[in-house]
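For reference, the structure discussed in these notes is given below.
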Amino acid sequence: VHLATTYAGERVVVKAIYPEIRRYLIADLKNARKAAQQITWILKLPMKGTINAIMDEEVECFPRELDLRIEARHLKKQRLYQKRHGLDIAIPVVIDELSSSSVLTQTFLTGTTMGNCDVSDPAVRQKAIDACKDITHAIGVTLFRERFFHADPHPGNIMLVGEELKPGLIDFGQCTTLTKPQLRTVCQLVVLLRTRSQTLIDQALRGSGFGFNTEDPELKLALLYYFFDSSTTGSGVVRPEAMEILKDAIQHKPASMPVLTDTPREMVFYG
């Protein structure tokens, strides 16, 4: 990614993909699948179903990230959806005449990323908090209303833009449009976890496509909350001790940790 200036004097961001990247991609994906399978075998993790679901999605979708015309379409979709739903988030504008499958040129957003902002200033800190809330809301709206998901909102891609420190979002390379079955599964899981009912969740898991290497219902719930609702960590449903057992096993005892042996393909979507 490069910062450039056009002949007209406009500052722009230019993302370029070099030919050798595409040549090595297929081999790298094959190696990644083999490495994941070998790691799970070495650590004796019964996760073949989950690993296969993740790798199938990655092999199918990752090559799309190397066609920058797709990222340009993502940006245009985001702009359309923001206008449709009244979302005030700054995003770059694609400069079509300077873009292709290998080059994406877009307007430069003046500001600072969340990872570099001065949070020691109380005013900036509050603006940063507000920006995170606004962008989380925007991602939720586009996900549940339009089935469009920005999958990479890390601190380097969230910005405070201009003198007003307006929320901004960049890098639309990892976005995806969910199928209706995917969105339905996500909605069901979100609603289910928000019930905070151990009985309802345990009953709903039967025949859901999720598989576990434990029969302990509390550890099953701890896994689901750990991966899909980490903001609550199962508050009111899972005892803190169960969450600690899970975290300790992940860090220190991977061979004996509770895992999702199978995950529905609808729950795996690669941006």
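Starting from 1 in every chain, residues are counted up; chains themselves are A, B, ... following the order of the structure tokens, and ligands are numbered from 1 as listed.
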**Message:** For A:Ile70, find every residue with an atom within 10 Å (counting only C-alpha atoms), except residues of its own chain fewer than 2 positions away, and show them as a list in words.
**Reply:** Arg64, Glu65, Leu66, Asp67, Leu68, Ala72, Arg73, His74, Leu75, Lys76, Ser100, Ser101, Leu104, Phe172, Gly173, Gln174, Cys175 and Thr176 of chain A
**Item:** Long-range neighbours of stretch 161-171 of chain A as a PyMOL selection string, 7 Å cut-off, only C-alpha atoms, 6 positions minimum in chain
**Value:** chain A and resi 89-92+109-112+127+131
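The protein and nucleic acid residues lying at most 12 Å from A:Gln188 are Phe144, Pro181, Gln182, Leu183, Arg184, Thr185, Val186, Val190, Val191, Leu192, Leu193, Arg194, Thr195, Ile201, Ala204, Leu205, Ser208, Phe228, Glu266 and Met267 of chain A, with only C-alpha atoms considered and sequence neighbours fewer than 2 positions away removed.
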Keeping all heavy atoms, export the residues of the selection given above as a compact mmCIF listing (two decimals), in the first residue's frame.
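Saved file part00.txt follows:
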```txt
# COMPACT_ATOMS: atom_id res chain seq x y z
N PHE A 144 -26.81 -7.49 9.49
CA PHE A 144 -28.14 -8.06 9.70
C PHE A 144 -29.20 -7.51 8.75
O PHE A 144 -30.22 -8.16 8.51
CB PHE A 144 -28.57 -7.86 11.15
CG PHE A 144 -27.78 -8.67 12.13
CD1 PHE A 144 -26.87 -8.07 12.98
CD2 PHE A 144 -27.91 -10.06 12.17
CE1 PHE A 144 -26.11 -8.83 13.87
CE2 PHE A 144 -27.15 -10.82 13.05
CZ PHE A 144 -26.26 -10.21 13.91
N PRO A 181 -28.79 -18.74 4.38
CA PRO A 181 -28.60 -19.74 5.45
C PRO A 181 -27.53 -19.32 6.46
O PRO A 181 -27.68 -19.57 7.66
CB PRO A 181 -28.17 -20.99 4.67
CG PRO A 181 -28.77 -20.83 3.32
CD PRO A 181 -28.68 -19.35 3.03
N GLN A 182 -26.45 -18.68 6.00
CA GLN A 182 -25.43 -18.21 6.94
C GLN A 182 -26.00 -17.17 7.89
O GLN A 182 -25.79 -17.24 9.10
CB GLN A 182 -24.25 -17.62 6.16
CG GLN A 182 -23.32 -18.64 5.55
CD GLN A 182 -22.20 -17.99 4.76
OE1 GLN A 182 -22.41 -17.00 4.05
NE2 GLN A 182 -21.00 -18.53 4.87
N LEU A 183 -26.72 -16.20 7.34
CA LEU A 183 -27.29 -15.16 8.19
C LEU A 183 -28.30 -15.75 9.17
O LEU A 183 -28.33 -15.36 10.34
CB LEU A 183 -27.96 -14.08 7.33
CG LEU A 183 -28.55 -12.90 8.12
CD1 LEU A 183 -27.46 -12.17 8.89
CD2 LEU A 183 -29.29 -11.94 7.21
N ARG A 184 -29.09 -16.70 8.71
CA ARG A 184 -30.08 -17.33 9.59
C ARG A 184 -29.39 -18.03 10.76
O ARG A 184 -29.82 -17.91 11.91
CB ARG A 184 -30.92 -18.32 8.80
CG ARG A 184 -32.12 -18.88 9.56
CD ARG A 184 -32.92 -19.87 8.72
NE ARG A 184 -33.37 -19.24 7.47
CZ ARG A 184 -32.94 -19.60 6.27
NH1 ARG A 184 -32.04 -20.56 6.14
NH2 ARG A 184 -33.39 -19.00 5.18
N THR A 185 -28.29 -18.73 10.46
CA THR A 185 -27.56 -19.44 11.51
C THR A 185 -26.95 -18.46 12.51
O THR A 185 -27.00 -18.67 13.72
CB THR A 185 -26.45 -20.33 10.91
OG1 THR A 185 -27.04 -21.25 9.99
CG2 THR A 185 -25.72 -21.11 11.99
N VAL A 186 -26.36 -17.37 12.00
CA VAL A 186 -25.78 -16.35 12.88
C VAL A 186 -26.87 -15.74 13.76
O VAL A 186 -26.67 -15.58 14.98
CB VAL A 186 -25.08 -15.25 12.05
CG1 VAL A 186 -24.66 -14.09 12.95
CG2 VAL A 186 -23.87 -15.81 11.33
N VAL A 190 -26.97 -15.83 17.85
CA VAL A 190 -26.96 -14.59 18.62
C VAL A 190 -28.16 -14.55 19.57
O VAL A 190 -28.02 -14.27 20.78
CB VAL A 190 -26.97 -13.36 17.69
CG1 VAL A 190 -27.23 -12.09 18.49
CG2 VAL A 190 -25.65 -13.25 16.95
N VAL A 191 -29.34 -14.82 19.04
CA VAL A 191 -30.55 -14.81 19.87
C VAL A 191 -30.47 -15.87 20.96
O VAL A 191 -30.83 -15.63 22.12
CB VAL A 191 -31.81 -15.02 18.99
CG1 VAL A 191 -33.05 -15.22 19.87
CG2 VAL A 191 -32.01 -13.84 18.05
N LEU A 192 -29.97 -17.04 20.60
CA LEU A 192 -29.88 -18.13 21.56
C LEU A 192 -28.96 -17.77 22.73
O LEU A 192 -29.31 -17.93 23.90
CB LEU A 192 -29.37 -19.39 20.86
CG LEU A 192 -29.36 -20.69 21.67
CD1 LEU A 192 -30.76 -21.08 22.07
CD2 LEU A 192 -28.70 -21.80 20.86
N LEU A 193 -27.79 -17.24 22.41
CA LEU A 193 -26.84 -16.89 23.47
C LEU A 193 -27.36 -15.75 24.34
O LEU A 193 -27.09 -15.69 25.54
CB LEU A 193 -25.48 -16.52 22.87
CG LEU A 193 -24.72 -17.67 22.19
CD1 LEU A 193 -23.40 -17.17 21.61
CD2 LEU A 193 -24.44 -18.81 23.17
N ARG A 194 -28.14 -14.85 23.74
CA ARG A 194 -28.66 -13.72 24.51
C ARG A 194 -29.81 -14.13 25.44
O ARG A 194 -30.21 -13.35 26.30
CB ARG A 194 -29.12 -12.61 23.57
CG ARG A 194 -28.02 -12.00 22.71
CD ARG A 194 -26.90 -11.40 23.52
NE ARG A 194 -27.29 -10.21 24.24
CZ ARG A 194 -26.47 -9.48 24.97
NH1 ARG A 194 -25.20 -9.84 25.09
NH2 ARG A 194 -26.89 -8.41 25.59
N THR A 195 -30.35 -15.33 25.27
CA THR A 195 -31.39 -15.79 26.20
C THR A 195 -30.82 -16.01 27.59
O THR A 195 -31.56 -15.96 28.58
CB THR A 195 -32.04 -17.10 25.73
OG1 THR A 195 -31.08 -18.16 25.77
CG2 THR A 195 -32.63 -16.95 24.33
N ILE A 201 -30.31 -23.29 25.63
CA ILE A 201 -29.12 -23.42 24.80
C ILE A 201 -28.74 -24.89 24.66
O ILE A 201 -28.42 -25.36 23.56
CB ILE A 201 -27.95 -22.60 25.40
CG1 ILE A 201 -28.28 -21.10 25.37
CG2 ILE A 201 -26.66 -22.87 24.63
CD1 ILE A 201 -27.29 -20.23 26.10
N ALA A 204 -31.14 -26.55 22.27
CA ALA A 204 -30.98 -26.09 20.89
C ALA A 204 -29.73 -26.65 20.24
O ALA A 204 -29.67 -26.79 19.01
CB ALA A 204 -30.96 -24.56 20.86
N LEU A 205 -28.72 -27.00 21.04
CA LEU A 205 -27.47 -27.52 20.47
C LEU A 205 -27.64 -28.90 19.87
O LEU A 205 -26.88 -29.30 18.99
CB LEU A 205 -26.39 -27.57 21.56
CG LEU A 205 -25.77 -26.22 21.96
CD1 LEU A 205 -24.79 -26.42 23.10
CD2 LEU A 205 -25.09 -25.56 20.78
N SER A 208 -27.74 -29.32 16.05
CA SER A 208 -27.42 -27.99 15.49
C SER A 208 -26.25 -28.02 14.51
O SER A 208 -26.03 -27.06 13.78
CB SER A 208 -27.08 -27.02 16.63
OG SER A 208 -25.89 -27.43 17.29
N PHE A 228 -18.17 -16.80 20.52
CA PHE A 228 -19.23 -16.08 19.83
C PHE A 228 -19.87 -14.96 20.64
O PHE A 228 -20.69 -14.21 20.11
CB PHE A 228 -20.32 -17.06 19.38
CG PHE A 228 -19.83 -18.13 18.46
CD1 PHE A 228 -19.80 -19.46 18.85
CD2 PHE A 228 -19.36 -17.81 17.19
CE1 PHE A 228 -19.33 -20.45 17.99
CE2 PHE A 228 -18.88 -18.79 16.33
CZ PHE A 228 -18.87 -20.11 16.73
N GLU A 266 -22.15 -23.01 7.86
CA GLU A 266 -22.81 -21.70 7.83
C GLU A 266 -22.23 -20.71 8.83
O GLU A 266 -22.42 -19.51 8.70
CB GLU A 266 -24.33 -21.87 8.11
CG GLU A 266 -25.11 -22.57 7.02
CD GLU A 266 -24.98 -24.08 7.12
OE1 GLU A 266 -24.43 -24.55 8.15
OE2 GLU A 266 -25.39 -24.77 6.18
N MET A 267 -21.52 -21.23 9.85
CA MET A 267 -20.92 -20.35 10.84
C MET A 267 -19.51 -19.93 10.47
O MET A 267 -18.86 -19.19 11.19
CB MET A 267 -20.89 -21.02 12.21
CG MET A 267 -22.22 -20.99 12.95
SD MET A 267 -22.85 -19.31 13.18
CE MET A 267 -21.54 -18.56 14.13
```
**Request:** Would you mind writing down, as number ranges by chain, each residue of stretch 33-198 of chain A that DSSP on the backbone assigns to strand (DSSP E or B)?
**Result:** A: 90, 94, 103-107, 111-113, 148-150, 158-161, 166-169, 175-177
**Message:** Could you list, as a PyMOL selection string, every residue within 7 Å of A:Pro258, counting only C-alpha atoms and ignoring same-chain residues fewer than 2 positions away?
**Reply:** chain A and resi 213-214+246+256
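Each of A:Gln106, A:Val238, A:Val14, A:Met243 was checked against A:Val93 using only C-alpha atoms; the smallest atom-to-atom distance is that of A:Gln106.
For the choices A:His137, A:Arg11, A:His85, A:Lys220, the atom-to-atom distance to A:Thr105 is smallest for A:Arg11 when using only C-alpha atoms.
Atom CA of A:Lys253 is positioned 14.8 Å from atom CA of A:Trp41.
For the pair atom CA of A:Leu25 and atom CA of A:Val59, the separation is 9.6 Å.
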**Prompt:** Hey, what's within 8 Å of A:Thr113 if we count only C-alpha atoms and toss same-chain stuff fewer than 6 positions away? As JSON, numbers by chain, please?
**Reply:** {"A": [155, 156, 157, 158, 159, 160]}
**Asked** Interatomic distance between atom CA of A:Val259 and atom CA of A:Glu58?
**Response** 20.2 Å
**Message:** Quick one: residues within 9 Å of A:Arg33, only C-alpha atoms, excluding same-chain residues fewer than 2 positions away - as a ChimeraX atom specification?
**Reply:** /A:28-31,35-38,51-52,55-56,59
Restrict the selected residues to C-alpha atoms and save them as an mmCIF file, in the first residue's frame.
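Done, and the output landed in part.cif:
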```
data_model
loop_
_atom_site.group_PDB
_atom_site.id
_atom_site.type_symbol
_atom_site.label_atom_id
_atom_site.label_comp_id
_atom_site.auth_asym_id
_atom_site.auth_seq_id
_atom_site.Cartn_x
_atom_site.Cartn_y
_atom_site.Cartn_z
ATOM 1 C CA ASP A 28 0.399 -21.694 0.293
ATOM 2 C CA LEU A 29 -3.232 -22.635 0.852
ATOM 3 C CA LYS A 30 -2.473 -26.331 0.367
ATOM 4 C CA ASN A 31 0.424 -26.076 2.822
ATOM 5 C CA ALA A 35 -0.086 -27.710 8.594
ATOM 6 C CA ALA A 36 -3.451 -27.319 10.350
ATOM 7 C CA GLN A 37 -4.127 -31.046 10.043
ATOM 8 C CA GLN A 38 -0.664 -31.958 11.341
ATOM 9 C CA ILE A 51 -10.633 -27.467 10.659
ATOM 10 C CA ASN A 52 -12.074 -28.746 7.381
ATOM 11 C CA MET A 55 -10.060 -24.462 5.428
ATOM 12 C CA ASP A 56 -12.779 -25.171 2.844
ATOM 13 C CA VAL A 59 -9.534 -22.060 0.009
#
```
**Message:** Among stretch 91-167 of chain A, which residues does DSSP mark as helix (DSSP H, G or I) when it is run on the backbone? Keep the chain and numbering as in the structure and answer as a list of chain:residue names.
**Reply:** A:Asp96, A:Glu97, A:Leu98, A:Pro122, A:Ala123, A:Val124, A:Arg125, A:Gln126, A:Lys127, A:Ala128, A:Ile129, A:Asp130, A:Ala131, A:Cys132, A:Lys133, A:Asp134, A:Ile135, A:Thr136, A:His137, A:Ala138, A:Ile139, A:Gly140, A:Val141, A:Thr142, A:Leu143, A:Phe144, A:Arg145, A:Glu146
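Minimum distance to A:Val12 across A:Thr179, A:Thr107, A:Thr142, A:Ser120 (counting only C-alpha atoms) occurs at A:Thr107.
With only C-alpha atoms as the atoms that count, the residue of A:Leu200, A:Val94, A:Lys247, A:Arg147 with the shortest distance to A:Phe227 is A:Lys247.
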